[in-house]
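Novice: Sharing target00.txt below, compact mmCIF, C-alpha atoms:
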```
# COMPACT_ATOMS: atom_id res chain seq x y z
CA MET A 1 44.07 9.94 42.43
CA GLY A 2 40.98 11.81 41.30
CA ILE A 3 37.55 11.66 39.82
CA GLN A 4 37.84 9.88 36.48
CA SER A 5 34.26 10.33 35.33
CA VAL A 6 31.00 11.66 36.67
CA SER A 7 27.64 10.47 35.41
CA LEU A 8 25.05 13.12 36.00
CA GLN A 9 21.36 12.61 36.61
CA LEU A 10 19.85 15.73 35.06
CA TYR A 11 16.30 16.84 35.64
CA VAL A 12 14.21 19.35 33.76
CA VAL A 13 11.00 20.58 35.42
CA GLY A 14 10.52 17.23 37.08
CA LEU A 15 11.51 15.11 34.08
CA ALA A 16 14.49 12.95 34.98
CA LEU A 17 17.27 12.74 32.43
CA LEU A 18 20.57 10.98 32.55
CA PHE A 19 23.61 12.72 31.07
CA CYS A 20 26.84 10.80 30.70
CA PRO A 21 29.66 13.10 29.57
CA GLY A 22 31.86 10.81 27.53
CA THR A 23 31.96 8.02 30.11
CA GLY A 24 30.93 5.30 27.68
CA SER A 25 28.24 4.07 30.05
CA GLU A 26 25.28 5.74 31.69
CA ASP A 27 25.70 3.50 34.71
CA ASP A 28 29.13 4.84 35.80
CA ASP A 29 28.02 6.86 38.81
CA SER A 30 30.54 9.41 40.02
CA CYS A 31 33.61 7.18 39.77
CA PHE A 32 35.99 8.27 42.48
CA GLN A 33 39.45 6.78 43.00
CA TYR A 34 40.50 6.67 46.64
CA ARG A 35 43.38 5.19 48.58
CA LEU A 36 42.73 2.46 51.11
CA GLY A 37 43.57 2.46 54.81
CA LYS A 38 41.63 3.69 57.84
CA ASN A 39 42.49 7.02 59.39
CA GLU A 40 43.13 6.57 63.11
CA VAL A 41 41.60 9.95 63.94
CA ASP A 42 37.93 9.90 65.00
CA ARG A 43 35.86 10.48 61.90
CA MET A 44 32.30 11.63 61.26
CA ASN A 45 29.69 8.95 60.68
CA ASN A 46 28.11 8.52 57.26
CA GLU A 47 25.18 10.89 57.73
CA GLU A 48 27.28 13.58 59.41
CA PHE A 49 29.75 13.39 56.55
CA LYS A 50 27.06 13.90 53.91
CA ILE A 51 25.61 16.98 55.62
CA GLU A 52 29.02 18.55 56.22
CA PHE A 53 30.19 17.65 52.74
CA VAL A 54 27.21 19.26 51.00
CA ASP A 55 27.65 22.46 53.02
CA ALA A 56 31.39 22.54 52.26
CA VAL A 57 30.88 22.01 48.51
CA LYS A 58 28.21 24.70 48.37
CA GLU A 59 30.48 27.16 50.18
CA ALA A 60 33.42 26.34 47.91
CA LEU A 61 31.30 26.86 44.79
CA TYR A 62 29.97 30.16 46.16
CA GLU A 63 33.49 31.40 46.83
CA ARG A 64 34.32 30.70 43.20
CA GLY A 65 31.34 32.69 41.97
CA ASN A 66 28.87 29.84 41.43
CA GLU A 67 25.36 30.46 42.76
CA VAL A 68 23.84 27.00 43.23
CA ASP A 69 21.26 25.19 45.31
CA ILE A 70 22.36 21.83 46.74
CA LYS A 71 20.09 19.25 48.34
CA ILE A 72 20.42 15.63 49.45
CA THR A 73 17.98 13.47 47.48
CA THR A 74 17.36 9.79 46.76
CA VAL A 75 17.89 8.78 43.14
CA GLU A 76 16.12 5.69 41.83
CA LYS A 77 17.70 3.95 38.88
CA MET A 78 17.37 0.54 37.32
CA ASN A 79 19.25 -2.02 39.42
CA GLU A 80 20.02 0.47 42.18
CA SER A 81 19.09 3.54 44.16
CA TYR A 82 21.44 5.88 45.99
CA GLU A 83 21.59 9.04 48.05
CA ALA A 84 22.75 11.92 45.87
CA MET A 85 23.88 15.50 46.10
CA THR A 86 21.59 17.43 43.75
CA VAL A 87 23.21 20.58 42.40
CA THR A 88 21.03 23.16 40.62
CA PRO A 89 22.33 26.52 39.34
CA GLU A 90 20.26 29.50 40.49
CA GLY A 91 17.51 30.30 38.00
CA SER A 92 17.99 27.05 36.09
CA ASN A 93 15.53 24.21 35.65
CA ILE A 94 18.35 21.73 34.97
CA GLY A 95 20.23 20.10 37.84
CA MET A 96 22.72 17.29 38.33
CA ASN A 97 22.93 14.43 40.80
CA MET A 98 26.23 13.11 42.15
CA ASN A 99 26.43 9.90 44.17
CA LEU A 100 27.17 10.81 47.80
CA GLU A 101 27.80 7.20 48.74
CA VAL A 102 30.98 7.19 46.65
CA PHE A 103 32.38 10.26 48.37
CA ALA A 104 31.43 8.95 51.81
CA ALA A 105 33.28 5.70 51.03
CA ALA A 106 36.37 7.66 49.96
CA TYR A 107 36.34 9.59 53.24
CA GLU A 108 35.80 6.40 55.24
CA ASN A 109 38.88 4.91 53.56
CA GLY A 110 41.17 7.74 54.54
CA VAL A 111 40.93 10.44 51.87
CA PRO A 112 41.10 13.87 53.57
CA PHE A 113 37.78 15.72 53.70
CA ASP A 114 39.16 18.90 52.11
CA GLU A 115 40.69 16.92 49.25
CA ILE A 116 37.37 15.32 48.37
CA VAL A 117 35.62 18.71 48.51
CA GLU A 118 38.24 20.26 46.21
CA GLN A 119 38.05 17.53 43.58
CA VAL A 120 34.24 17.33 43.59
CA THR A 121 33.91 21.13 43.41
CA HIS A 122 36.24 21.19 40.41
CA LYS A 123 34.22 18.50 38.64
CA ILE A 124 30.94 20.29 39.31
CA GLU A 125 32.35 23.49 37.81
CA GLU A 126 33.45 21.61 34.71
CA HIS A 127 30.01 20.12 34.20
CA LEU A 128 28.18 23.36 34.95
CA ALA A 129 30.21 24.98 32.18
CA ASN A 130 29.39 22.20 29.71
CA MET A 131 25.87 21.32 30.80
CA PRO A 132 23.59 20.74 27.79
CA THR A 133 20.50 22.86 27.24
CA PHE A 134 17.10 21.42 26.49
CA ASP A 135 13.86 22.70 25.01
CA VAL A 136 11.47 21.88 27.83
CA ALA A 137 8.42 22.11 25.58
CA GLN A 138 9.95 19.54 23.23
CA LEU A 139 10.62 17.12 26.07
CA ILE A 140 6.90 16.69 26.72
CA ASP A 141 5.86 16.80 23.05
CA TYR A 142 5.36 13.13 22.21
CA ASP A 143 5.13 13.70 18.46
CA GLN A 144 8.71 14.99 18.52
CA MET A 145 10.05 12.67 21.19
CA LYS A 146 8.73 9.35 19.87
CA GLU A 147 11.42 9.28 17.19
CA LYS A 148 13.96 9.23 20.04
CA LEU A 149 12.49 6.11 21.67
CA SER A 150 14.79 3.28 22.64
CA MET A 151 14.14 -0.01 24.44
CA GLU A 152 16.06 -1.59 27.30
CA VAL A 153 15.68 -4.77 29.34
CA VAL A 154 16.20 -5.11 33.10
CA ALA A 155 15.61 -7.79 35.73
CA LEU A 156 12.04 -7.95 37.03
CA ASP A 157 12.80 -8.99 40.59
CA ARG A 158 15.54 -6.46 41.36
CA ASN A 159 13.60 -3.52 39.92
CA ALA A 160 10.10 -4.24 41.20
CA GLU A 161 9.76 -0.98 43.15
CA LEU A 162 10.84 1.26 40.28
CA LEU A 163 8.93 -0.75 37.67
CA ALA A 164 5.73 0.09 39.54
CA LYS A 165 6.30 3.69 38.38
CA VAL A 166 7.41 2.84 34.85
CA PRO A 167 5.49 1.53 31.81
CA HIS A 168 6.93 -1.85 30.93
CA GLN A 169 6.24 -5.23 29.41
CA GLU A 170 7.34 -8.51 30.92
CA MET A 171 9.66 -10.75 28.92
CA GLU A 172 10.05 -13.92 30.99
CA ASP A 173 11.95 -12.77 34.13
CA MET A 174 12.93 -9.46 32.51
CA ALA A 175 11.07 -6.21 31.88
CA VAL A 176 11.20 -4.13 28.72
CA VAL A 177 11.42 -0.42 29.59
CA TYR A 178 11.58 2.66 27.38
CA ARG A 179 13.96 5.59 27.26
CA PHE A 180 14.15 8.77 25.14
CA VAL A 181 17.64 9.39 23.78
CA VAL A 182 17.57 13.20 23.91
CA GLU A 183 21.15 13.78 22.76
CA SER A 184 24.02 11.51 21.79
CA ASP A 185 27.46 12.39 20.46
CA SER A 186 31.15 11.91 21.19
CA ASP A 187 30.89 14.20 24.23
CA GLY A 188 28.26 12.04 25.91
CA ARG A 189 24.58 11.26 25.79
CA ALA A 190 21.47 12.46 27.57
CA THR A 191 18.54 10.08 28.05
CA MET A 192 15.20 10.16 29.82
CA LEU A 193 13.56 7.07 31.30
CA VAL A 194 9.86 7.01 30.43
CA THR A 195 7.81 6.95 33.63
CA ASN A 196 4.07 6.73 34.16
CA ASP A 197 4.04 10.43 35.08
CA ILE A 198 5.82 11.45 31.89
CA LEU A 199 3.48 9.32 29.80
CA GLU A 200 0.48 10.93 31.48
CA LYS A 201 1.88 14.42 30.77
CA MET A 202 2.28 13.42 27.13
CA GLY A 203 -1.21 11.97 26.91
CA VAL A 204 -0.02 8.63 25.52
CA THR A 205 -1.03 5.08 26.39
CA PRO A 206 1.53 2.38 27.27
CA GLU A 207 0.29 0.39 24.26
CA GLN A 208 1.02 3.26 21.87
CA LEU A 209 4.42 3.78 23.49
CA HIS A 210 5.33 0.13 22.92
CA THR A 211 4.13 0.17 19.32
CA ASP A 212 6.17 3.28 18.52
CA ALA A 213 9.22 1.92 20.32
CA LEU A 214 9.11 -1.27 18.23
CA GLU A 215 9.18 0.87 15.11
CA ASN A 216 11.69 3.53 16.11
CA ALA A 217 14.18 1.82 18.44
CA PRO A 218 15.73 -0.39 15.73
CA GLU A 219 16.20 2.68 13.54
CA LEU A 220 17.67 4.84 16.31
CA ARG A 221 19.85 2.12 17.83
CA PRO A 222 20.22 -0.67 15.26
CA VAL A 223 21.26 -4.21 16.14
CA VAL A 224 24.94 -5.10 15.86
CA ILE A 225 25.75 -8.84 15.80
CA LYS A 226 29.38 -9.93 15.62
CA GLY A 227 31.08 -13.28 15.96
CA MET A 228 33.11 -13.75 19.13
CA SER A 229 36.31 -14.08 17.09
CA GLU A 230 35.69 -10.69 15.46
CA VAL A 231 35.01 -9.15 18.86
CA MET A 232 38.23 -10.61 20.26
CA ILE A 233 40.24 -9.25 17.34
CA GLU A 234 38.76 -5.78 17.91
CA MET A 235 39.62 -5.97 21.61
CA MET A 236 43.16 -7.34 21.28
CA GLY A 237 44.30 -5.65 18.09
CA PRO A 238 45.80 -7.26 14.97
CA ASP A 239 49.11 -8.21 16.59
CA ALA A 240 47.51 -10.06 19.47
CA ALA A 241 45.04 -11.62 17.04
CA ASP A 242 47.93 -13.06 14.99
CA MET A 243 49.54 -14.36 18.15
CA PHE A 244 46.40 -16.29 19.10
CA GLY A 245 45.64 -17.38 15.55
CA LEU A 246 42.56 -15.20 15.15
CA ASP A 247 43.61 -13.43 11.97
CA GLU A 248 40.78 -15.05 10.01
CA MET A 249 37.10 -15.40 10.82
CA PRO A 250 36.21 -19.06 11.54
CA GLN A 251 33.56 -20.55 9.30
CA ASP A 252 31.87 -22.43 12.15
CA GLU A 253 31.47 -19.58 14.67
CA LYS A 254 29.28 -20.80 17.52
CA MET A 255 29.08 -17.72 19.74
CA TYR A 256 28.06 -14.18 18.81
CA VAL A 257 27.69 -10.86 20.64
CA ALA A 258 24.55 -8.75 20.11
CA THR A 259 24.37 -5.09 21.16
CA VAL A 260 23.92 -1.57 19.71
CA PRO A 261 26.53 0.73 18.07
CA ASP A 262 27.50 2.63 21.25
CA LYS A 263 27.36 -0.57 23.35
CA ILE A 264 25.27 1.15 26.06
CA ALA A 265 22.21 -0.78 27.33
CA GLY A 266 22.49 -2.90 24.19
CA ALA A 267 20.82 -5.98 25.69
CA GLY A 268 17.54 -4.27 24.82
CA VAL A 269 17.89 -5.50 21.22
CA ILE A 270 16.31 -8.79 22.26
CA ALA A 271 13.01 -6.89 22.60
CA TYR A 272 13.07 -5.76 18.95
CA GLN A 273 10.28 -7.45 17.03
CA ASN A 274 12.48 -8.97 14.28
CA PHE A 275 15.61 -9.60 16.30
CA MET A 276 15.06 -13.27 17.09
CA ASP A 277 14.39 -14.33 13.52
CA GLU A 278 17.26 -12.23 12.16
CA ALA A 279 19.62 -13.76 14.72
CA ALA A 280 18.34 -17.25 13.93
CA GLU A 281 19.13 -16.67 10.26
CA ARG A 282 22.63 -15.47 11.17
CA LEU A 283 23.29 -18.43 13.47
CA GLY A 284 21.61 -20.97 11.24
CA GLY A 285 18.75 -22.03 13.51
CA ASP A 286 17.91 -22.30 17.21
CA PHE A 287 20.12 -20.56 19.75
CA PHE A 288 20.60 -19.83 23.45
CA ILE A 289 20.74 -16.25 24.79
CA LEU A 290 23.14 -15.48 27.64
CA PRO A 291 22.65 -12.13 29.44
CA SER A 292 26.25 -10.92 29.53
CA SER A 293 25.17 -7.59 31.10
CA LEU A 294 22.71 -4.75 30.52
CA HIS A 295 24.92 -3.74 27.61
CA GLU A 296 25.05 -6.89 25.48
CA VAL A 297 23.93 -10.49 25.19
CA LEU A 298 25.75 -13.57 23.94
CA LEU A 299 24.11 -15.83 21.36
CA VAL A 300 25.18 -19.49 21.37
CA ARG A 301 24.17 -21.78 18.52
CA ASP A 302 22.03 -24.70 19.70
CA ASP A 303 23.69 -27.50 17.77
CA GLY A 304 22.44 -30.23 20.07
CA GLU A 305 25.80 -30.48 21.80
CA VAL A 306 25.48 -27.44 24.08
CA ASN A 307 24.57 -28.30 27.65
CA TYR A 308 22.07 -25.90 29.21
CA SER A 309 23.33 -26.59 32.74
CA ASP A 310 26.87 -25.63 31.74
CA LEU A 311 25.66 -22.36 30.23
CA LYS A 312 23.65 -21.58 33.36
CA ALA A 313 26.67 -22.20 35.60
CA MET A 314 28.83 -19.99 33.39
CA VAL A 315 26.36 -17.07 33.52
CA GLU A 316 26.08 -17.29 37.29
CA GLU A 317 29.86 -17.39 37.77
CA VAL A 318 30.54 -14.47 35.42
CA ASN A 319 27.81 -12.36 37.01
CA ALA A 320 29.22 -13.05 40.46
CA THR A 321 32.85 -12.32 39.62
CA GLN A 322 33.06 -10.11 36.52
CA VAL A 323 29.90 -7.99 36.18
CA ALA A 324 29.27 -4.90 38.33
CA PRO A 325 26.00 -5.24 40.32
CA ASP A 326 24.46 -2.18 38.64
CA GLU A 327 25.20 -3.66 35.18
CA LYS A 328 23.87 -7.15 35.85
CA LEU A 329 20.85 -8.33 33.87
CA THR A 330 19.83 -11.80 35.14
CA ASP A 331 21.36 -15.18 35.99
CA SER A 332 19.02 -16.91 33.56
CA VAL A 333 19.68 -18.54 30.20
CA TYR A 334 17.12 -18.15 27.42
CA HIS A 335 16.37 -20.04 24.22
CA TYR A 336 14.83 -19.23 20.86
CA ASP A 337 13.05 -21.96 18.90
CA SER A 338 13.34 -20.79 15.30
CA LYS A 339 10.77 -23.27 14.00
CA GLU A 340 8.07 -22.49 16.54
CA HIS A 341 9.19 -18.82 16.90
CA ILE A 342 9.22 -19.12 20.70
CA PHE A 343 11.48 -17.13 23.05
CA GLU A 344 11.53 -18.60 26.55
CA LEU A 345 13.65 -19.46 29.56
CA ALA A 346 15.96 -22.31 28.62
CA GLU A 347 14.52 -24.54 31.34
CA LYS A 348 11.07 -24.10 29.79
CA PHE A 349 12.50 -25.08 26.42
CA GLU A 350 14.14 -28.16 27.91
CA ALA A 351 10.85 -29.16 29.58
CA ARG A 352 8.92 -28.55 26.35
CA LYS A 353 11.44 -30.65 24.43
CA ARG A 354 11.11 -33.51 26.91
CA ASP A 355 7.30 -33.36 26.69
CA LYS A 356 7.49 -33.39 22.89
CA GLU A 357 9.84 -36.37 22.92
CA ALA A 358 7.54 -38.17 25.35
CA ASP A 359 4.53 -37.46 23.09
CA ILE A 360 6.39 -38.78 20.05
CA ALA A 361 7.41 -41.92 21.95
CA SER A 362 3.81 -42.39 23.10
CA GLU A 363 2.49 -41.96 19.54
CA LYS A 364 4.99 -44.49 18.25
CA GLU A 365 4.01 -46.94 20.98
CA GLU A 366 0.32 -46.46 20.25
CA LYS A 367 0.89 -46.83 16.51
CA ALA A 368 2.94 -49.95 17.10
CA SER A 369 0.14 -51.36 19.29
CA VAL A 370 -2.51 -50.70 16.61
CA LEU A 371 -0.35 -52.23 13.91
CA GLY A 372 0.27 -55.19 16.17
CA ASP A 373 -3.49 -55.75 16.64
CA LEU A 374 -4.11 -55.55 12.89
CA LYS A 375 -1.31 -57.97 12.21
CA ALA A 376 -2.67 -60.37 14.84
CA LYS A 377 -6.13 -60.33 13.25
CA LYS A 378 -4.63 -60.80 9.81
CA ASP A 379 -2.61 -63.77 11.07
CA GLU A 380 -5.73 -65.24 12.69
CA VAL A 381 -7.67 -65.03 9.42
CA ALA A 382 -4.76 -66.49 7.51
CA LYS A 383 -4.66 -69.50 9.84
CA GLN A 384 -8.34 -70.46 9.19
CA PRO A 385 -8.88 -73.51 6.80
CA LYS A 386 -9.63 -72.36 3.28
CA LYS A 387 -12.80 -74.53 3.02
CA GLU A 388 -14.20 -73.09 6.22
CA ALA A 389 -13.41 -69.60 5.03
CA VAL A 390 -15.14 -70.21 1.64
CA GLU A 391 -18.25 -71.68 3.25
CA LYS A 392 -18.39 -68.80 5.66
CA ALA A 393 -18.03 -66.29 2.83
CA THR A 394 -20.71 -68.11 0.72
CA LYS A 395 -23.10 -68.27 3.64
CA THR A 396 -22.61 -64.62 4.37
CA LYS A 397 -23.19 -63.76 0.73
CA GLY A 398 -26.41 -65.87 0.63
CA GLU A 399 -27.75 -64.21 3.72
CA GLU A 400 -27.17 -60.81 2.17
CA LEU A 401 -29.15 -61.86 -0.91
```
When written as structure tokens, how does the structure in this file appear?
Specialist:
Amino acid sequence: MGIQSVSLQLYVVGLALLFCPGTGSEDDDSCFQYRLGKNEVDRMNNEEFKIEFVDAVKEALYERGNEVDIKITTVEKMNESYEAMTVTPEGSNIGMNMNLEVFAAAYENGVPFDEIVEQVTHKIEEHLANMPTFDVAQLIDYDQMKEKLSMEVVALDRNAELLAKVPHQEMEDMAVVYRFVVESDSDGRATMLVTNDILEKMGVTPEQLHTDALENAPELRPVVIKGMSEVMIEMMGPDAADMFGLDEMPQDEKMYVATVPDKIAGAGVIAYQNFMDEAAERLGGDFFILPSSLHEVLLVRDDGEVNYSDLKAMVEEVNATQVAPDEKLTDSVYHYDSKEHIFELAEKFEARKRDKEADIASEKEEKASVLGDLKAKKDEVAKQPKKEAVEKATKTKGEEL
């Protein structure tokens, strides 16, 4: 039992950064393993626990020679918000946030108070010793930071409150947001969500931010598209691949995975300006987009045999049973029309296709009606006696003269 990983929300003079020390995902908040089972002894309620816990951690750190300031704050993130313990070393402008809700849940499920304090204190010391340093002046210098711009997509409805404070562009029922990747290596990565306040400090318009992100994000975090068979082989290893007959790439791959090299927040690639057409070329035409999570999307070739309703049901089931709530994108299915260059919700595509088919049927019916009228007139003329037709033609010609 213990803390496996701790994602830290760092802040520098009011600029919120997210530092994930080798966790593989910036959405793994203070993972804490705890045993189940209620303790029969009367226990503190949630709020009492948090206050006592913060005081105990601060005292434990002080006894070990760590001068820190600790406060209880509310952290707002995409898809979630939580009450955190904010730890800031004395004289530093960099602090870390740790999710208090996780520790409160551990206590509620029977983990001794002192044990939680000990493990959390140890983790804080580790991260204080390895906390990255930042050039504060650089963090608000847009000319330097714009090359670190990345793009992410999140659900509009579940992030409405936070999106009001963040520059974004709507993409159907999703929002495109922007993040500076300050540092990224094998030890972890530090990122900074671009807020309206940060943009104002930098003196940059949302339009300029979007333009620069379109240019720089694909360079910083390029698109990676792999066939599902290739992904399965990578996951299972060569032996398992042989067992399941996946030793060779199929020629008629119908499903692909799109993400970025580190597979963190990789669903944002769908906002890249050339992504749709590049994917269409790879898949050979139109395709459906399934939001697997915030980290990747699935691309399914639209060969005319894929049923939209089945895809929708699959996305909803997987989101409900396999995807963590803080990593969920949407329950929607999307479609890209490679001929019309239109990205849209799949139901809009289906409706547009039905309207187009109805228009074609109507045009055919109208054309058939016109042709029928012409044929009827032609038949009527053909049935007239030849003599009568000649006299009529002669008379008409004489009148014209």
Novice: With only C-alpha atoms as the basis for distance, which of A:Tyr272, A:Tyr107, A:Phe53, A:Phe113 is at the shortest distance from Val176 in chain A?
Specialist: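 Under the stated criterion, the closest residue is A:Tyr272.
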Novice: Pick from A:Asn196, A:Ser332, A:Thr191, A:Gln208: nearest to Ala265 in chain A, with all atoms listed in the file counted?
Specialist: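 Checking each of A:Asn196, A:Ser332, A:Thr191, A:Gln208 against Ala265 in chain A, counting all atoms listed in the file, the winner is A:Thr191.
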Novice: Between CA of Ala213 in chain A and CA of Lys165 in chain A, measure the distance and give it in Å to one decimal.
Specialist: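 We find that CA of Ala213 in chain A and CA of Lys165 in chain A lie 18.4 Å from each other.
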Novice: Extract, using all atoms listed in the file, all DNA, RNA and protein residues at most 10 Å from Leu128 in chain A, discarding same-chain residues fewer than 3 positions from it, and format them as a list in words.
Specialist: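 Listing them by chain and then by number gives Asn66, Val87, Thr88, Pro89, Ile94, Gly95, Met96, His122, Lys123, Ile124, Glu125, Met131 and Pro132 of chain A.
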Novice: Have a look at A:Val260, A:Val333, A:Met236, A:Leu199 and name the one nearest to Phe287 in chain A; count only C-alpha atoms.
Specialist: A:Val333
Novice: How far is it from CA of Ala280 in chain A to CA of Met235 in chain A, in Å with one decimal?
Specialist: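 CA of Ala280 in chain A sits 25.3 Å away from CA of Met235 in chain A.
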